[in-house]
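Heads up: the structure comes next, in structure tokens.
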Amino acid sequence: MEKMDLKSLTLAEMTQWVSELGLKPFRAGQIFAWLYRPGFDDFARMTDIAKHVRALLAEKATISRLEAVKEERSTDGTVKFAFRLADGHLIESVLIPEEDRHTLCVSSQVGCAMGCNFCLTGTMGFKRNLTVAEIVGQVDSTLLWLQRQAGAGEGETSPRINNLVFMGMGEPLLNFDNLIRAIQILMEQRGHDFSGRRITVSTCGIVPKMKELGEKVPVNLAVSLHAADDETRDLLMPINRTYPLEELLRACREFPLPPRRRIMIEYAMLKGINDSAAAARLLVKKLHGIRCKINILPYNETPSFPYRRPDDETIEAFRQILRKAGHTTLLRTSRGADISAACGQLAGEKE
Ligand code: SAH
Ligand code: SF4
């Protein structure tokens, strides 16, 4: 019988699994607490668990770990990790330090099937969904790395990851079940104990799954809108032909937002495509009644695509129109562009 990878189980699933082994349900909580300590991979070290139980666990289960095969550091402090998966595929995660906090950008799929025509990940095509353990493993491995960097010994307080964003490779809502289970594991108090308000899931607009996401886990939603009219959005993002703007905006209105939270509208600004004053005014109109804030991402240029970043004045003028209309509008400065770690530059298997 194949061994169970304990990193693929939510606490509820682990409780079930230990009962099937004839163990008391509370063992699941104990195991869980060990499992998510940085670098933990040895049943023998579960000192509060009886020896014969540890032996049984070692016989029936494994603890997987994602190994970073490459680590690149940007001049601005951003670090991009490449992880090799058991079947040879590569995925990437990006650690972004900001003042006293760390944001980790994680991948949900190898490649992406959505084919947005400005995004490098899109050019890879879709290879496969990540497993639950592969999603959670990106966080575990990064935490271990942070701890080693800080030179913190075991048990000492080590650096934390403050925010998790599902903005790496892939479309998270098309790997829905694994995404939800991974988030449940990451939020488990006995483990990483992430609060839902520190987790953001970004989608290109998989309308039928948006509400369900909000109902299952109290995370933040980011929507890659990038255009306020169907004609432009059809051109940039093929998914718009399946779920056009009106349906996407309705799904935003119906998203079960926790109190005091807002949807993040992502708007990549492309020169001459979606950066005019008229486009800004249309965006204001379309977002009417949606509790949101807007994040402008000036396009990160790549040689693969003809798109260009607008000049600073154009970006600022666009932003002012949104601000005057009452929208909180952030300008996301590009991080890690020199190591291809910026938004839309992740493409692990493209040489
Ligand atoms: N598939 C999800 C998650 C990826 S998030 C989604 O599309 O929302 C990555 C974000 O970066 C998306 O908003 C994407 O549209 C944006 N992006 C992709 N390529 C980019 C580029 N070259 N410059 C700026 N933003 C880009
Ligand atoms: Fe996929 Fe998102 Fe890139 Fe579109 S923008 S191709 S959905 S990763």
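Simple scheme: letters A, B, ... for chains in structure tokens order, numbers from 1 for residues in each chain, numbers from 1 for ligands in the order shown.
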
When you look at segment 230-232 of chain A with a cut-off of 8 Å (counting only C-alpha atoms), what residues show up, excluding the ones that are within fewer than 5 positions of it in the same chain? I need them as a compact mmCIF listing (two decimals) with C-alpha atoms, in the first residue's frame.
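Output saved as out-v8.txt:
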# COMPACT_ATOMS: atom_id res chain seq x y z
CA ASN A 240 -13.88 36.80 -21.27
CA PRO A 244 -18.06 38.31 -20.19
CA LEU A 245 -17.65 41.43 -18.08
CA ILE A 273 -4.65 49.41 -25.02
CA ASN A 274 -6.41 50.20 -21.76

Contacts of segment 116-124 of chain A at 6 Å or less, counting only C-alpha atoms, minus same-chain residues fewer than 5 places along, as a ChimeraX atom specification? /A:111,236-237,344-347

Restricting the output to N, CA and C atoms, write the selected residues as a short mmCIF file (atom, residue, chain, number, x, y, z; two decimals), in the first residue's frame.
data_model
loop_
_atom_site.label_atom_id
_atom_site.label_comp_id
_atom_site.auth_asym_id
_atom_site.auth_seq_id
_atom_site.Cartn_x
_atom_site.Cartn_y
_atom_site.Cartn_z
N GLY A 111 1.95 25.75 -15.19
CA GLY A 111 1.43 26.40 -16.38
C GLY A 111 0.03 26.93 -16.14
N LEU A 236 -7.53 40.55 -24.71
CA LEU A 236 -6.45 40.22 -23.77
C LEU A 236 -6.62 38.85 -23.12
N MET A 237 -7.87 38.52 -22.80
CA MET A 237 -8.13 37.35 -21.97
C MET A 237 -9.24 36.50 -22.57
N GLY A 344 3.34 38.07 -13.83
CA GLY A 344 3.24 37.61 -15.21
C GLY A 344 4.56 37.19 -15.81
N GLN A 345 5.61 37.11 -15.00
CA GLN A 345 6.91 36.70 -15.56
C GLN A 345 7.32 35.30 -15.12
N LEU A 346 6.39 34.57 -14.49
CA LEU A 346 6.74 33.23 -14.03
C LEU A 346 6.43 32.22 -15.12
N ALA A 347 7.46 31.51 -15.49
CA ALA A 347 7.27 30.50 -16.52
C ALA A 347 8.36 29.47 -16.36
#

Would you please extract all alpha helix (DSSP H) residues from segment 211-317 of chain A, as assigned by DSSP on the backbone, and give them as a count of residues only? 43

Residues near Leu90 of chain A, anyone? I mean within 10 Å using only C-alpha atoms, not counting same-chain ones fewer than 3 positions away, as a PyMOL selection string. chain A and resi 68-69+81-87+110-111+347-350

For the residues in that selection, give me N, CA, C and O atoms as a PDB file, in the first residue's frame.
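Wrote it out as part.pdb, contents follow:
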ATOM      1  N   ALA A  68      13.921  23.332  -3.118  1.00  0.00           N
ATOM      2  CA  ALA A  68      14.212  24.443  -4.026  1.00  0.00           C
ATOM      3  C   ALA A  68      15.441  24.054  -4.839  1.00  0.00           C
ATOM      4  O   ALA A  68      16.474  23.719  -4.282  1.00  0.00           O
ATOM      5  N   VAL A  69      15.328  24.062  -6.164  1.00  0.00           N
ATOM      6  CA  VAL A  69      16.480  23.728  -6.992  1.00  0.00           C
ATOM      7  C   VAL A  69      17.192  24.994  -7.448  1.00  0.00           C
ATOM      8  O   VAL A  69      18.304  24.955  -7.931  1.00  0.00           O
ATOM      9  N   PHE A  81      12.010  31.421  -5.978  1.00  0.00           N
ATOM     10  CA  PHE A  81      12.399  30.024  -5.796  1.00  0.00           C
ATOM     11  C   PHE A  81      11.844  29.200  -6.943  1.00  0.00           C
ATOM     12  O   PHE A  81      10.699  29.387  -7.356  1.00  0.00           O
ATOM     13  N   ALA A  82      12.656  28.270  -7.416  1.00  0.00           N
ATOM     14  CA  ALA A  82      12.131  27.271  -8.345  1.00  0.00           C
ATOM     15  C   ALA A  82      12.128  25.937  -7.600  1.00  0.00           C
ATOM     16  O   ALA A  82      13.137  25.564  -6.987  1.00  0.00           O
ATOM     17  N   PHE A  83      11.004  25.264  -7.605  1.00  0.00           N
ATOM     18  CA  PHE A  83      10.898  23.963  -6.964  1.00  0.00           C
ATOM     19  C   PHE A  83      10.703  22.894  -8.022  1.00  0.00           C
ATOM     20  O   PHE A  83       9.887  23.069  -8.932  1.00  0.00           O
ATOM     21  N   ARG A  84      11.452  21.804  -7.867  1.00  0.00           N
ATOM     22  CA  ARG A  84      11.220  20.698  -8.790  1.00  0.00           C
ATOM     23  C   ARG A  84      10.262  19.713  -8.151  1.00  0.00           C
ATOM     24  O   ARG A  84      10.453  19.280  -7.019  1.00  0.00           O
ATOM     25  N   LEU A  85       9.218  19.370  -8.890  1.00  0.00           N
ATOM     26  CA  LEU A  85       8.212  18.448  -8.367  1.00  0.00           C
ATOM     27  C   LEU A  85       8.641  17.011  -8.639  1.00  0.00           C
ATOM     28  O   LEU A  85       9.547  16.773  -9.447  1.00  0.00           O
ATOM     29  N   ALA A  86       7.989  16.076  -7.980  1.00  0.00           N
ATOM     30  CA  ALA A  86       8.393  14.675  -8.076  1.00  0.00           C
ATOM     31  C   ALA A  86       8.418  14.184  -9.528  1.00  0.00           C
ATOM     32  O   ALA A  86       9.233  13.340  -9.890  1.00  0.00           O
ATOM     33  N   ASP A  87       7.543  14.708 -10.380  1.00  0.00           N
ATOM     34  CA  ASP A  87       7.517  14.253 -11.773  1.00  0.00           C
ATOM     35  C   ASP A  87       8.387  15.117 -12.696  1.00  0.00           C
ATOM     36  O   ASP A  87       8.269  15.035 -13.916  1.00  0.00           O
ATOM     37  N   VAL A 110       0.871  23.911 -12.658  1.00  0.00           N
ATOM     38  CA  VAL A 110       2.041  23.975 -13.530  1.00  0.00           C
ATOM     39  C   VAL A 110       1.527  24.525 -14.850  1.00  0.00           C
ATOM     40  O   VAL A 110       0.727  23.877 -15.519  1.00  0.00           O
ATOM     41  N   GLY A 111       1.951  25.753 -15.186  1.00  0.00           N
ATOM     42  CA  GLY A 111       1.426  26.399 -16.381  1.00  0.00           C
ATOM     43  C   GLY A 111       0.027  26.932 -16.139  1.00  0.00           C
ATOM     44  O   GLY A 111      -0.419  27.048 -15.001  1.00  0.00           O
ATOM     45  N   ALA A 347       7.455  31.511 -15.493  1.00  0.00           N
ATOM     46  CA  ALA A 347       7.269  30.500 -16.523  1.00  0.00           C
ATOM     47  C   ALA A 347       8.364  29.467 -16.364  1.00  0.00           C
ATOM     48  O   ALA A 347       9.303  29.400 -17.140  1.00  0.00           O
ATOM     49  N   GLY A 348       8.261  28.677 -15.309  1.00  0.00           N
ATOM     50  CA  GLY A 348       9.319  27.781 -14.906  1.00  0.00           C
ATOM     51  C   GLY A 348       9.964  26.958 -15.984  1.00  0.00           C
ATOM     52  O   GLY A 348      11.168  26.721 -15.949  1.00  0.00           O
ATOM     53  N   GLU A 349       9.175  26.531 -16.955  1.00  0.00           N
ATOM     54  CA  GLU A 349       9.770  25.590 -17.905  1.00  0.00           C
ATOM     55  C   GLU A 349      10.136  26.198 -19.247  1.00  0.00           C
ATOM     56  O   GLU A 349      10.517  25.513 -20.168  1.00  0.00           O
ATOM     57  N   LYS A 350       9.998  27.530 -19.330  1.00  0.00           N
ATOM     58  CA  LYS A 350      10.414  28.178 -20.572  1.00  0.00           C
ATOM     59  C   LYS A 350      11.903  28.481 -20.476  1.00  0.00           C
ATOM     60  O   LYS A 350      12.342  29.122 -19.535  1.00  0.00           O
TER      61      LYS A 350
END

Please produce, as JSON lines, a per-residue contact table for segment 164-238 of chain A versus segment 10-22 of chain A (criterion: any atom at most 7 Å away, only C-alpha atoms considered), showing the nearest atom pair and its distance in Å to one decimal, sorted by chain then residue number.
{"residue": "A:Arg181", "atom": "CA", "partner": "A:Thr10", "partner_atom": "CA", "distance": 6.4}
{"residue": "A:Gln184", "atom": "CA", "partner": "A:Thr10", "partner_atom": "CA", "distance": 6.5}
{"residue": "A:Ile185", "atom": "CA", "partner": "A:Thr10", "partner_atom": "CA", "distance": 5.2}

Nearest to ligand 2 among A:Thr62, A:Thr131, A:Ser224, A:Ser8, with distances taken over only C-alpha atoms and all ligand atoms: which residue is it? A:Ser224

In terms of the shortest atom-to-atom distance over only C-alpha atoms, which of A:Cys112, A:Cys343, A:Leu6, A:Ala28 is closest to Asp42 of chain A? A:Leu6

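Take the candidates A:Glu301, A:Glu246, A:Asp177, A:Glu98 and check each one against ligand 1 using only C-alpha atoms and all ligand atoms; the shortest distance goes to A:Glu301.
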